[in-house]
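To be precise, the following lines are model_11.cif, and they hold mmCIF, C-alpha atoms.
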data_work
loop_
_atom_site.label_atom_id
_atom_site.label_comp_id
_atom_site.auth_asym_id
_atom_site.auth_seq_id
_atom_site.Cartn_x
_atom_site.Cartn_y
_atom_site.Cartn_z
CA MET A 1 136.69 99.80 115.14
CA ILE A 2 133.67 101.34 116.87
CA ARG A 3 131.36 100.28 114.02
CA PHE A 4 132.75 96.75 114.27
CA VAL A 5 131.98 96.64 117.99
CA LEU A 6 128.41 97.84 117.41
CA ALA A 7 127.89 95.32 114.62
CA THR A 8 129.20 92.54 116.85
CA ILE A 9 126.84 93.54 119.67
CA ALA A 10 123.88 93.53 117.29
CA ALA A 11 124.79 90.13 115.89
CA ILE A 12 125.17 88.59 119.34
CA THR A 13 122.01 90.03 120.81
CA LEU A 14 119.89 89.08 117.82
CA ALA A 15 121.31 85.56 118.02
CA LEU A 16 120.25 85.06 121.64
CA PRO A 17 117.78 82.16 121.86
CA ALA A 18 114.10 82.78 122.36
CA ARG A 19 113.30 82.41 126.04
CA ALA A 20 110.58 80.16 127.37
CA ALA A 21 110.70 82.05 130.67
CA VAL A 22 111.99 85.47 131.60
CA ASP A 23 113.19 86.14 135.16
CA ILE A 24 112.26 89.74 135.95
CA THR A 25 113.49 91.46 139.10
CA PRO A 26 111.84 94.65 140.38
CA VAL A 27 114.42 97.22 141.43
CA THR A 28 114.03 100.36 143.52
CA SER A 29 116.93 102.80 143.60
CA PRO A 30 118.10 104.48 146.83
CA GLY A 31 116.34 107.61 145.54
CA GLY A 32 113.04 105.80 144.97
CA ILE A 33 113.11 105.25 141.19
CA THR A 34 111.67 101.87 140.20
CA ALA A 35 112.60 99.64 137.28
CA TRP A 36 112.32 96.08 136.02
CA LEU A 37 115.55 94.18 135.39
CA VAL A 38 116.50 91.03 133.53
CA GLU A 39 120.12 90.15 134.27
CA ASN A 40 122.04 88.54 131.43
CA HIS A 41 125.80 88.42 131.84
CA ASP A 42 126.52 86.47 128.66
CA ILE A 43 127.97 89.56 127.00
CA PRO A 44 129.26 92.85 128.46
CA PHE A 45 126.32 94.90 127.22
CA THR A 46 123.19 96.51 128.69
CA ALA A 47 120.00 97.81 127.08
CA LEU A 48 118.01 100.48 128.88
CA GLU A 49 114.49 101.62 128.02
CA ILE A 50 112.98 104.77 129.55
CA ARG A 51 109.42 105.99 129.05
CA PHE A 52 107.58 109.13 130.15
CA ARG A 53 103.80 108.72 130.09
CA GLY A 54 101.88 111.48 128.34
CA GLY A 55 104.11 111.99 125.33
CA ALA A 56 103.00 114.54 122.77
CA SER A 57 99.55 114.71 124.36
CA LEU A 58 101.10 117.02 126.95
CA ASP A 59 101.75 119.83 124.47
CA ALA A 60 100.79 123.18 125.99
CA PRO A 61 97.70 124.89 124.52
CA GLY A 62 98.63 126.62 121.28
CA LYS A 63 102.01 124.85 121.16
CA ARG A 64 101.13 121.73 119.18
CA GLY A 65 104.31 120.05 117.94
CA ALA A 66 106.51 121.40 120.75
CA ILE A 67 107.17 118.05 122.46
CA ASN A 68 107.84 116.35 119.13
CA LEU A 69 110.34 119.05 118.18
CA MET A 70 111.93 119.03 121.63
CA THR A 71 112.39 115.24 121.51
CA ALA A 72 114.19 115.49 118.18
CA LEU A 73 116.56 118.07 119.71
CA LEU A 74 117.65 115.95 122.70
CA GLU A 75 120.52 114.46 120.70
CA GLU A 76 121.46 117.81 119.16
CA GLY A 77 123.86 118.85 121.89
CA ALA A 78 123.99 118.88 125.69
CA GLY A 79 126.07 120.52 128.38
CA ASP A 80 129.23 121.91 126.79
CA MET A 81 128.85 119.74 123.64
CA ASP A 82 127.17 120.86 120.45
CA ALA A 83 125.40 118.35 118.20
CA GLN A 84 128.56 117.16 116.48
CA ALA A 85 130.51 116.80 119.72
CA PHE A 86 127.66 114.86 121.34
CA ALA A 87 127.46 112.44 118.39
CA GLU A 88 131.24 111.95 118.42
CA ALA A 89 131.22 111.25 122.16
CA ALA A 90 128.53 108.60 121.77
CA GLU A 91 130.43 106.96 118.90
CA THR A 92 133.67 106.93 120.87
CA LEU A 93 131.90 105.09 123.68
CA ALA A 94 130.16 102.69 121.26
CA ALA A 95 126.90 103.84 122.86
CA ARG A 96 123.58 104.09 121.05
CA PHE A 97 120.86 106.49 122.11
CA GLY A 98 117.42 106.83 120.57
CA PHE A 99 114.72 109.44 121.26
CA ASP A 100 111.14 109.17 120.05
CA VAL A 101 107.68 110.39 120.96
CA GLY A 102 104.11 109.36 120.28
CA ASP A 103 100.63 110.22 121.47
CA ASP A 104 101.10 108.57 124.86
CA THR A 105 104.82 108.25 125.58
CA LEU A 106 108.20 109.86 125.15
CA SER A 107 110.72 107.05 124.64
CA ILE A 108 114.45 106.93 125.28
CA SER A 109 116.51 103.89 124.33
CA ALA A 110 120.11 103.34 125.32
CA GLN A 111 122.56 100.54 124.58
CA MET A 112 126.01 100.55 126.15
CA LEU A 113 129.07 98.40 126.77
CA THR A 114 129.78 97.48 130.38
CA GLU A 115 133.30 98.91 130.24
CA ASN A 116 131.90 102.29 129.10
CA ARG A 117 128.68 102.24 131.11
CA ASP A 118 129.50 105.01 133.55
CA ALA A 119 130.67 107.36 130.82
CA SER A 120 127.69 106.45 128.60
CA VAL A 121 125.26 107.15 131.44
CA ALA A 122 126.94 110.48 132.13
CA LEU A 123 126.60 111.42 128.46
CA LEU A 124 122.94 110.43 128.32
CA ARG A 125 122.27 112.31 131.56
CA GLU A 126 123.52 115.50 129.92
CA ALA A 127 120.97 115.05 127.12
CA LEU A 128 118.14 114.55 129.60
CA VAL A 129 119.08 117.08 132.28
CA ASN A 130 121.15 119.69 130.40
CA PRO A 131 119.94 119.82 126.79
CA ARG A 132 121.20 122.86 124.87
CA PHE A 133 118.39 123.47 122.39
CA ASP A 134 120.76 125.68 120.40
CA GLN A 135 118.96 128.04 118.05
CA THR A 136 120.90 126.74 115.03
CA ALA A 137 119.88 123.17 115.82
CA LEU A 138 116.32 124.25 116.53
CA ASP A 139 116.03 126.00 113.17
CA ARG A 140 117.54 123.04 111.31
CA VAL A 141 115.31 120.41 112.95
CA ARG A 142 112.29 122.71 112.64
CA GLY A 143 112.91 122.70 108.89
CA GLN A 144 112.87 118.89 108.89
CA VAL A 145 109.57 118.83 110.76
CA LEU A 146 108.05 121.40 108.39
CA SER A 147 109.10 119.24 105.44
CA ALA A 148 107.42 116.24 107.06
CA ILE A 149 104.25 118.27 107.58
CA ALA A 150 104.26 119.38 103.93
CA ARG A 151 104.73 115.79 102.74
CA ALA A 152 101.91 114.56 104.98
CA GLU A 153 99.53 117.12 103.47
CA LYS A 154 99.99 115.42 100.09
CA ASP A 155 100.21 111.79 101.21
CA PRO A 156 96.84 109.98 101.05
CA GLN A 157 97.72 107.62 103.90
CA SER A 158 98.60 110.53 106.17
CA ILE A 159 95.51 112.46 105.08
CA ALA A 160 93.32 109.47 105.89
CA GLY A 161 94.91 108.94 109.30
CA ASP A 162 94.71 112.60 110.23
CA THR A 163 91.10 112.84 109.09
CA PHE A 164 90.08 109.72 111.01
CA ALA A 165 91.81 111.05 114.14
CA ARG A 166 90.09 114.43 113.84
CA LEU A 167 86.68 112.82 113.40
CA ALA A 168 87.26 110.36 116.24
CA TYR A 169 88.85 112.59 118.86
CA GLY A 170 87.86 116.16 117.98
CA ASP A 171 89.87 118.80 119.86
CA HIS A 172 91.56 116.27 122.14
CA PRO A 173 95.34 116.04 121.51
CA TYR A 174 94.71 112.67 119.80
CA GLY A 175 92.73 114.56 117.17
CA SER A 176 95.76 116.30 115.64
CA SER A 177 99.21 115.27 114.46
CA ILE A 178 102.02 115.24 117.01
CA ASN A 179 104.04 117.15 114.40
CA GLY A 180 101.78 120.16 114.78
CA THR A 181 100.94 122.47 111.89
CA ALA A 182 103.23 124.71 109.86
CA ASP A 183 101.91 127.71 111.79
CA SER A 184 102.30 126.17 115.25
CA VAL A 185 105.79 124.83 114.55
CA ASN A 186 107.01 128.08 113.00
CA ALA A 187 105.92 129.92 116.12
CA LEU A 188 107.86 127.70 118.56
CA THR A 189 110.79 129.30 120.38
CA ARG A 190 113.82 128.02 122.23
CA GLU A 191 112.04 128.79 125.50
CA ASP A 192 109.16 126.58 124.36
CA MET A 193 111.60 123.66 124.14
CA PHE A 194 112.58 123.99 127.80
CA ASP A 195 108.92 124.25 128.75
CA ALA A 196 108.04 121.17 126.66
CA ARG A 197 110.78 119.17 128.34
CA ALA A 198 109.51 120.16 131.80
CA ARG A 199 105.95 119.19 130.89
CA VAL A 200 106.75 115.60 129.97
CA MET A 201 110.15 114.55 131.38
CA ALA A 202 109.31 114.21 135.07
CA ARG A 203 109.60 111.45 137.63
CA ASP A 204 105.88 111.16 138.31
CA ARG A 205 105.34 109.55 134.87
CA LEU A 206 108.61 107.59 134.58
CA PHE A 207 108.95 103.89 133.65
CA VAL A 208 112.27 102.07 133.22
CA SER A 209 113.53 98.62 132.25
CA ALA A 210 117.04 97.23 131.87
CA VAL A 211 118.31 94.00 130.35
CA GLY A 212 121.87 92.77 130.28
CA ASP A 213 125.15 92.83 132.14
CA ILE A 214 124.14 94.78 135.23
CA SER A 215 123.17 93.83 138.78
CA ALA A 216 120.19 95.15 140.71
CA GLU A 217 122.49 97.13 142.98
CA ASP A 218 124.37 98.72 140.09
CA LEU A 219 121.10 99.50 138.30
CA GLY A 220 119.80 101.33 141.37
CA VAL A 221 122.88 103.54 141.43
CA LEU A 222 122.59 104.12 137.67
CA LEU A 223 118.93 105.17 137.94
CA ASP A 224 119.64 107.84 140.52
CA ARG A 225 122.63 109.15 138.62
CA LEU A 226 120.77 109.26 135.31
CA LEU A 227 117.27 110.30 136.35
CA GLY A 228 117.43 111.54 139.92
CA ASP A 229 117.74 115.22 138.96
CA LEU A 230 114.60 115.28 136.84
CA PRO A 231 111.69 117.36 138.19
CA GLU A 232 109.27 115.49 140.41
CA THR A 233 106.12 116.43 138.49
CA GLY A 234 105.19 117.47 134.98
CA ALA A 235 102.10 118.89 133.34
CA PRO A 236 98.69 117.40 134.26
CA MET A 237 97.61 114.52 132.07
CA PRO A 238 94.87 115.28 129.53
CA PRO A 239 91.36 113.95 130.15
CA ARG A 240 90.06 110.87 128.39
CA ALA A 241 89.03 111.41 124.80
CA ASP A 242 85.33 111.18 124.02
CA LEU A 243 85.11 109.06 120.90
CA SER A 244 82.79 110.97 118.59
CA LEU A 245 82.69 108.55 115.66
CA THR A 246 79.36 107.49 114.23
CA GLY A 247 78.71 105.09 111.40
CA GLY A 248 79.13 106.44 107.90
CA ILE A 249 81.59 107.44 105.19
CA THR A 250 83.73 110.56 104.87
CA VAL A 251 85.28 111.17 101.45
CA VAL A 252 88.32 113.43 101.10
CA ASP A 253 88.93 114.39 97.49
CA HIS A 254 92.43 113.48 96.30
CA ASP A 255 93.60 113.14 92.72
CA SER A 256 94.68 109.49 92.63
CA PRO A 257 93.65 106.36 90.67
CA GLN A 258 93.06 104.54 93.95
CA SER A 259 91.52 105.37 97.29
CA VAL A 260 93.09 104.88 100.71
CA VAL A 261 90.62 103.79 103.37
CA ILE A 262 90.84 103.82 107.16
CA PHE A 263 87.84 102.58 109.11
CA GLY A 264 86.90 101.86 112.69
CA HIS A 265 84.70 102.23 115.74
CA GLN A 266 84.91 101.86 119.52
CA GLY A 267 87.45 99.33 120.83
CA LEU A 268 88.56 98.13 124.25
CA ALA A 269 91.38 98.70 126.72
CA MET A 270 94.19 96.24 127.42
CA ASP A 271 93.00 95.76 130.99
CA ASP A 272 89.52 94.78 129.82
CA PRO A 273 88.74 91.19 130.91
CA ASP A 274 87.76 90.42 127.31
CA PHE A 275 91.00 91.64 125.77
CA PHE A 276 92.48 88.21 124.98
CA ALA A 277 89.26 87.02 123.41
CA ALA A 278 89.16 90.22 121.35
CA TYR A 279 92.82 89.69 120.39
CA ILE A 280 92.04 86.24 119.01
CA LEU A 281 88.87 87.54 117.35
CA ASN A 282 90.90 90.21 115.56
CA GLU A 283 93.51 87.66 114.47
CA VAL A 284 90.78 85.70 112.69
CA LEU A 285 89.02 88.79 111.35
CA GLY A 286 91.85 90.87 109.97
CA ALA A 287 95.23 90.59 111.66
CA GLY A 288 96.17 87.10 110.53
CA GLY A 289 97.64 88.01 107.16
CA PHE A 290 96.53 85.80 104.28
CA SER A 291 94.61 83.52 106.65
CA SER A 292 92.32 86.29 107.92
CA ARG A 293 88.73 86.59 106.77
CA LEU A 294 89.10 90.14 105.48
CA MET A 295 92.13 89.24 103.38
CA ASN A 296 90.40 86.15 102.04
CA GLU A 297 87.16 87.90 101.14
CA VAL A 298 88.43 91.28 99.96
CA ARG A 299 91.65 90.27 98.23
CA GLU A 300 91.71 86.56 97.46
CA LYS A 301 88.12 86.03 96.35
CA ARG A 302 87.40 89.40 94.77
CA GLY A 303 90.72 91.05 94.00
CA LEU A 304 89.60 94.38 95.45
CA THR A 305 92.89 95.20 97.20
CA TYR A 306 96.48 94.06 97.57
CA GLY A 307 96.18 94.02 101.33
CA ILE A 308 93.80 94.70 104.20
CA ALA A 309 94.17 94.44 107.95
CA SER A 310 92.32 95.20 111.16
CA TYR A 311 93.89 96.14 114.47
CA ILE A 312 92.94 96.95 118.04
CA VAL A 313 94.26 100.36 119.13
CA PRO A 314 94.18 100.71 122.94
CA LYS A 315 95.57 104.18 123.56
CA ASP A 316 95.93 105.41 127.13
CA LEU A 317 92.94 107.75 126.86
CA ALA A 318 90.75 106.15 124.17
CA GLU A 319 90.22 102.78 122.52
CA THR A 320 89.35 102.00 118.90
CA TRP A 321 89.10 98.97 116.65
CA GLN A 322 90.39 99.97 113.23
CA GLY A 323 91.33 98.68 109.83
CA SER A 324 92.77 99.93 106.56
CA PHE A 325 93.18 99.09 102.90
CA ALA A 326 93.63 100.71 99.48
CA SER A 327 91.55 99.96 96.43
CA ALA A 328 91.00 101.22 92.90
CA ASN A 329 88.49 104.08 92.85
CA GLU A 330 85.96 102.01 90.92
CA LYS A 331 86.25 99.10 93.39
CA VAL A 332 86.37 100.83 96.74
CA ALA A 333 82.58 100.95 97.24
CA GLU A 334 82.37 97.18 96.76
CA ALA A 335 85.30 96.66 99.13
CA ILE A 336 83.60 98.71 101.84
CA GLY A 337 80.48 96.59 101.42
CA VAL A 338 82.49 93.39 101.87
CA VAL A 339 84.19 94.75 104.99
CA ARG A 340 80.83 95.57 106.52
CA ALA A 341 79.51 92.13 105.59
CA GLU A 342 82.47 90.35 107.18
CA TRP A 343 82.24 92.53 110.28
CA ALA A 344 78.61 91.44 110.62
CA ARG A 345 79.20 87.77 109.67
CA ILE A 346 81.69 87.13 112.44
CA VAL A 347 79.18 88.55 114.92
CA ASP A 348 76.47 86.24 113.59
CA GLU A 349 78.61 83.10 113.19
CA GLY A 350 81.54 83.46 115.58
CA VAL A 351 84.75 81.63 114.66
CA THR A 352 85.22 78.01 113.70
CA ALA A 353 87.11 75.51 115.81
CA GLN A 354 89.86 75.45 113.19
CA GLU A 355 90.15 79.24 113.08
CA LEU A 356 90.38 79.36 116.87
CA ALA A 357 93.04 76.64 116.97
CA ASP A 358 95.08 78.24 114.18
CA ALA A 359 94.97 81.67 115.83
CA LYS A 360 96.09 80.25 119.17
CA THR A 361 98.92 78.29 117.54
CA TYR A 362 100.23 81.38 115.81
CA LEU A 363 99.84 83.76 118.74
CA THR A 364 101.45 81.45 121.29
CA GLY A 365 104.19 80.32 118.92
CA ALA A 366 105.14 83.79 117.75
CA TYR A 367 105.27 85.34 121.22
CA PRO A 368 108.58 83.81 122.43
CA LEU A 369 110.23 84.93 119.19
CA ARG A 370 109.86 88.54 120.28
CA PHE A 371 112.47 87.97 122.99
CA ASP A 372 115.41 87.83 120.61
CA GLY A 373 117.76 90.41 122.14
CA ASN A 374 118.38 92.63 125.13
CA GLY A 375 116.87 95.69 123.49
CA ARG A 376 113.70 93.88 122.42
CA ILE A 377 113.22 92.40 125.88
CA ALA A 378 113.75 95.77 127.56
CA ASP A 379 111.20 97.33 125.23
CA ILE A 380 108.64 94.65 126.10
CA LEU A 381 109.24 95.05 129.83
CA VAL A 382 108.75 98.81 129.84
CA GLY A 383 105.62 98.39 127.71
CA MET A 384 104.24 95.97 130.28
CA GLN A 385 104.73 98.56 133.01
CA LEU A 386 103.01 101.27 130.97
CA SER A 387 100.07 98.93 130.42
CA ASP A 388 99.95 98.07 134.13
CA LEU A 389 100.52 94.38 133.41
CA PRO A 390 101.73 92.11 136.22
CA ILE A 391 105.42 91.27 136.39
CA ASP A 392 104.71 87.61 135.57
CA TYR A 393 102.78 88.49 132.39
CA VAL A 394 105.59 87.33 130.10
CA ASN A 395 105.38 83.85 131.59
CA THR A 396 101.57 83.64 131.84
CA ARG A 397 100.48 85.39 128.65
CA ASN A 398 100.30 82.27 126.47
CA ALA A 399 98.18 80.47 129.07
CA LYS A 400 95.72 83.35 128.89
CA VAL A 401 95.56 82.96 125.12
CA GLU A 402 95.01 79.20 125.40
CA ALA A 403 92.21 79.70 127.93
CA VAL A 404 90.00 81.59 125.45
CA THR A 405 87.07 79.55 124.16
CA ALA A 406 84.99 79.86 121.00
CA GLU A 407 82.11 80.99 123.22
CA ASP A 408 84.31 83.79 124.62
CA VAL A 409 85.14 84.97 121.12
CA ALA A 410 81.50 84.88 120.04
CA ARG A 411 80.40 86.81 123.12
CA VAL A 412 83.06 89.49 122.58
CA ALA A 413 82.16 89.80 118.91
CA ARG A 414 78.55 90.45 119.89
CA ARG A 415 79.63 92.92 122.54
CA LEU A 416 82.12 94.98 120.51
CA LEU A 417 81.72 94.61 116.76
CA ASP A 418 79.04 96.65 115.01
CA ALA A 419 79.13 96.86 111.24
CA GLN A 420 76.72 99.78 111.19
CA ALA A 421 78.89 101.78 113.61
CA LEU A 422 81.96 101.57 111.35
CA HIS A 423 83.09 104.91 109.98
CA PHE A 424 85.11 104.84 106.76
CA VAL A 425 87.45 107.66 105.78
CA VAL A 426 88.15 107.43 102.04
CA VAL A 427 90.89 109.54 100.47
CA GLY A 428 90.75 109.53 96.69
CA ARG A 429 88.07 109.83 94.04
CA PRO A 430 85.91 106.78 94.75
CA VAL A 431 83.12 105.87 92.36
CA GLY A 432 79.68 105.54 93.87
CA LEU A 433 80.39 107.05 97.31
CA ASN A 434 80.04 110.79 96.72
#
Any chance you could give the structure as structure tokens?
Amino acid sequence: MIRFVLATIAAITLALPARAAVDITPVTSPGGITAWLVENHDIPFTALEIRFRGGASLDAPGKRGAINLMTALLEEGAGDMDAQAFAEAAETLAARFGFDVGDDTLSISAQMLTENRDASVALLREALVNPRFDQTALDRVRGQVLSAIARAEKDPQSIAGDTFARLAYGDHPYGSSINGTADSVNALTREDMFDARARVMARDRLFVSAVGDISAEDLGVLLDRLLGDLPETGAPMPPRADLSLTGGITVVDHDSPQSVVIFGHQGLAMDDPDFFAAYILNEVLGAGGFSSRLMNEVREKRGLTYGIASYIVPKDLAETWQGSFASANEKVAEAIGVVRAEWARIVDEGVTAQELADAKTYLTGAYPLRFDGNGRIADILVGMQLSDLPIDYVNTRNAKVEAVTAEDVARVARRLLDAQALHFVVVGRPVGLN
């Protein structure tokens, strides 16, 4: 019966129509916790998204991987419930909880029925405020992390990503995997889990959104009950990362018939005035699937890869403009040359009127389709807060896209793109690059 209820909720929320406008209400709880709310009383269901800024970048010195491991343990028992009892309690309530962490944020997702909301919130509160971090659970999850680390050491995509990060960010937390190393993870103790939680799960870096069958008044009460007992402050945020990439090629030997390539250079932040022009520029250059220039030149015309893409990566503490592809070892040198040529050509020529129009049509048309359920909307709202976007961004974003001119795109290409500054990390045995 519980699985039927969850399946029904998923079907209904995914079937909600795309919204042309989203009415967002800022909420402040009696205890001073703020959130953004979209009320939707069509079904008795609420989605809650919680973020803590800092994420795995707040690992203590010498404890790399602690916050990642701690996050994985939040659902492994809380209060007087062990892992199995906690999972059974959530299933009985038809509640879904998700815990994840990245470089910049620790994320908690919750979905709950209105009739079980109070009990679901109480259960989630136990995970956040009274996690057990039992040694048996710690050892079991540690083993899973160690397996992931071992797999990554043999996976060319992971090797390329880790190498690029190390070259770009050096000894900044961005420069190493959030999983840590086998040595650092093996050394972590139960006490380290409590310390990791205190470093990141604090009210001074908290962002919350809620979408669904809940009023502003009820949300305020919920916020204090769920999050009010968290510590006021956590560990200091790390400094900005000094991007140390220079143009060139780094080859990592790996026995494979093809090479995996990640490339990039300096990017820009989301609050940069040129971000929307850069967004459209990247759509034309490499993000637009089969219509992008990189895909057309590298795959369609020359058959050098099955797929290639570029992407803007605006982390909280550093910004890059990256891309990736895989190619046969004997073709990868040619593919790199084509990428450099296209990077330079769009600087020299800008984009055509048709490319600009097509990119705008896709970006403005696809945006409303993201709002296809309570959980998706809540995720977007909390992301807006983390990026310091205004509360009306959802309803003004497409106008900002439409306002970009071909001259804006050309200017931003000249400002940001530099083919000679691209650094390529190649994992494989490429011909002609050693």
Using all atoms listed in the file, which protein or nucleic acid residues come within 8 Å of A:Asp213? Drop anything in the same chain fewer than 2 positions from it, and give the result as an mmCIF file with C-alpha atoms, in the coordinates of the input.
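Done, and the output landed in out00.cif:
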data_model
loop_
_atom_site.group_PDB
_atom_site.id
_atom_site.type_symbol
_atom_site.label_atom_id
_atom_site.label_comp_id
_atom_site.auth_asym_id
_atom_site.auth_seq_id
_atom_site.Cartn_x
_atom_site.Cartn_y
_atom_site.Cartn_z
ATOM 1 C CA GLU A 39 120.120 90.150 134.270
ATOM 2 C CA ASN A 40 122.040 88.540 131.430
ATOM 3 C CA HIS A 41 125.800 88.420 131.840
ATOM 4 C CA ASP A 42 126.520 86.470 128.660
ATOM 5 C CA ILE A 43 127.970 89.560 127.000
ATOM 6 C CA PRO A 44 129.260 92.850 128.460
ATOM 7 C CA PHE A 45 126.320 94.900 127.220
ATOM 8 C CA THR A 46 123.190 96.510 128.690
ATOM 9 C CA THR A 114 129.780 97.480 130.380
ATOM 10 C CA VAL A 211 118.310 94.000 130.350
ATOM 11 C CA SER A 215 123.170 93.830 138.780
#
*Identify which of the residues A:Val382, A:Val347, A:Val22, A:Met70 lies closest to A:Met201, counting all atoms listed in the file when measuring atom-to-atom distances.*
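Ranking A:Val382, A:Val347, A:Val22, A:Met70 by distance to A:Met201, first place goes to A:Met70.
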_Nearest to A:Phe325 by atom-to-atom distance, counting all atoms listed in the file, from A:Val251, A:Leu369, A:Val426, A:Ile346_ =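 The closest residue to A:Phe325 is A:Val426.
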_For the PyMOL selection byres ((chain A and resi 111) around 8), applied here, can you spell out every residue it catches as an MDAnalysis selection string?_
chainID A and resid 45:48 95:97 109:110 112:113 375
*Report the residues retrieved by the PyMOL selection byres ((chain A and resi 167) around 10) from the displayed file, expressed as a list in words.*
Gly161, Asp162, Thr163, Phe164, Ala165, Arg166, Ala168, Tyr169, Gly170, Asp171, Gly175, Ser176, Leu243, Ser244, Leu245, Thr246, Thr250, His423 and Val425 of chain A
Restricting the output to C-alpha atoms, write the selected residues as an mmCIF file, in the frame of the given file.
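Saved result, again.cif, follows:
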data_model
loop_
_atom_site.group_PDB
_atom_site.id
_atom_site.type_symbol
_atom_site.label_atom_id
_atom_site.label_comp_id
_atom_site.auth_asym_id
_atom_site.auth_seq_id
_atom_site.Cartn_x
_atom_site.Cartn_y
_atom_site.Cartn_z
ATOM 1 C CA GLY A 161 94.910 108.940 109.300
ATOM 2 C CA ASP A 162 94.710 112.600 110.230
ATOM 3 C CA THR A 163 91.100 112.840 109.090
ATOM 4 C CA PHE A 164 90.080 109.720 111.010
ATOM 5 C CA ALA A 165 91.810 111.050 114.140
ATOM 6 C CA ARG A 166 90.090 114.430 113.840
ATOM 7 C CA ALA A 168 87.260 110.360 116.240
ATOM 8 C CA TYR A 169 88.850 112.590 118.860
ATOM 9 C CA GLY A 170 87.860 116.160 117.980
ATOM 10 C CA ASP A 171 89.870 118.800 119.860
ATOM 11 C CA GLY A 175 92.730 114.560 117.170
ATOM 12 C CA SER A 176 95.760 116.300 115.640
ATOM 13 C CA LEU A 243 85.110 109.060 120.900
ATOM 14 C CA SER A 244 82.790 110.970 118.590
ATOM 15 C CA LEU A 245 82.690 108.550 115.660
ATOM 16 C CA THR A 246 79.360 107.490 114.230
ATOM 17 C CA THR A 250 83.730 110.560 104.870
ATOM 18 C CA HIS A 423 83.090 104.910 109.980
ATOM 19 C CA VAL A 425 87.450 107.660 105.780
#
*Name the residues that the PyMOL selection byres ((chain A and resi 35-38) around 8) picks from the file above, as number ranges by chain, using the file's chain letters and numbers.*
A: 22-28, 33-34, 39-40, 207-212, 216, 381-382
*Please measure the separation of atom CA of A:Ala366 and atom CA of A:Glu283, giving the value in Å to one decimal.*
12.7 Å
*Hey, what's within 8 Å of A:Ser57 if we count all atoms listed in the file and toss same-chain stuff fewer than 3 positions away? As a list in words, please?*
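Once the nearby chain positions are removed, what remains is Gly54, Asp103, Asp104, Pro173, Tyr174, Ile178, Met237 and Pro238 of chain A.
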*Check the smallest atom-to-atom distance from each of A:Leu268, A:Asn374, A:Val338, A:Met295 to A:Ala318 using only C-alpha atoms, then report the winner.*
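Ranking A:Leu268, A:Asn374, A:Val338, A:Met295 by distance to A:Ala318, first place goes to A:Leu268.
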*Using all atoms listed in the file, which of A:Ala335, A:Leu317, A:Val284, A:Val121 sits nearest A:His172?*
A:Leu317
*asked:* Measuring between all atoms listed in the file, which one of A:Gly373, A:Gly365, A:Gly350, A:Gly143 shows the shortest distance to A:Arg411?
replied: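 Of the candidates, the smallest distance to A:Arg411 is held by A:Gly350.
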*Suppose you want the space between atom CA of A:Val221 and atom CA of A:Gly383; what is it in Å?*
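If I compute the distance from atom CA of A:Val221 to atom CA of A:Gly383, I get 22.6 Å.
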_Between A:Ser291, A:Gln354, A:Gln144, A:Gln322, which residue has the minimum interatomic distance to A:Phe424, considering only C-alpha atoms?_
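Under the stated criterion, the closest residue is A:Gln322.
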*So how far away is atom CA of A:Pro236 from atom CA of A:Leu386, in Å?*
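Atom-to-atom, atom CA of A:Leu386 and atom CA of A:Pro236 are spaced 17.0 Å apart.
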*Any idea what's packed within 8 Å of A:Pro314, counting all atoms listed in the file, ignoring anything in its chain fewer than 5 positions away? Could you give it as a list in words?*
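The neighbour list is Gly267, Leu268, Ala269, Met270, Glu319 and Thr320 of chain A.
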*Name the residues in contact with stretch 397-405 of chain A at a cut-off of 12 Å, using only C-alpha atoms, excluding same-chain residues fewer than 4 positions from it; report them as a PyMOL selection string.*
chain A and resi 20-22+273-281+283+350-353+355-368+384+389-393+409-412
Keeping C-alpha atoms, export the residues of the selection given above as a compact mmCIF listing (two decimals), keeping the file's coordinate frame.
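What follows is the written file out.txt:
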# COMPACT_ATOMS: atom_id res chain seq x y z
CA ALA A 20 110.58 80.16 127.37
CA ALA A 21 110.70 82.05 130.67
CA VAL A 22 111.99 85.47 131.60
CA PRO A 273 88.74 91.19 130.91
CA ASP A 274 87.76 90.42 127.31
CA PHE A 275 91.00 91.64 125.77
CA PHE A 276 92.48 88.21 124.98
CA ALA A 277 89.26 87.02 123.41
CA ALA A 278 89.16 90.22 121.35
CA TYR A 279 92.82 89.69 120.39
CA ILE A 280 92.04 86.24 119.01
CA LEU A 281 88.87 87.54 117.35
CA GLU A 283 93.51 87.66 114.47
CA GLY A 350 81.54 83.46 115.58
CA VAL A 351 84.75 81.63 114.66
CA THR A 352 85.22 78.01 113.70
CA ALA A 353 87.11 75.51 115.81
CA GLU A 355 90.15 79.24 113.08
CA LEU A 356 90.38 79.36 116.87
CA ALA A 357 93.04 76.64 116.97
CA ASP A 358 95.08 78.24 114.18
CA ALA A 359 94.97 81.67 115.83
CA LYS A 360 96.09 80.25 119.17
CA THR A 361 98.92 78.29 117.54
CA TYR A 362 100.23 81.38 115.81
CA LEU A 363 99.84 83.76 118.74
CA THR A 364 101.45 81.45 121.29
CA GLY A 365 104.19 80.32 118.92
CA ALA A 366 105.14 83.79 117.75
CA TYR A 367 105.27 85.34 121.22
CA PRO A 368 108.58 83.81 122.43
CA MET A 384 104.24 95.97 130.28
CA LEU A 389 100.52 94.38 133.41
CA PRO A 390 101.73 92.11 136.22
CA ILE A 391 105.42 91.27 136.39
CA ASP A 392 104.71 87.61 135.57
CA TYR A 393 102.78 88.49 132.39
CA VAL A 409 85.14 84.97 121.12
CA ALA A 410 81.50 84.88 120.04
CA ARG A 411 80.40 86.81 123.12
CA VAL A 412 83.06 89.49 122.58
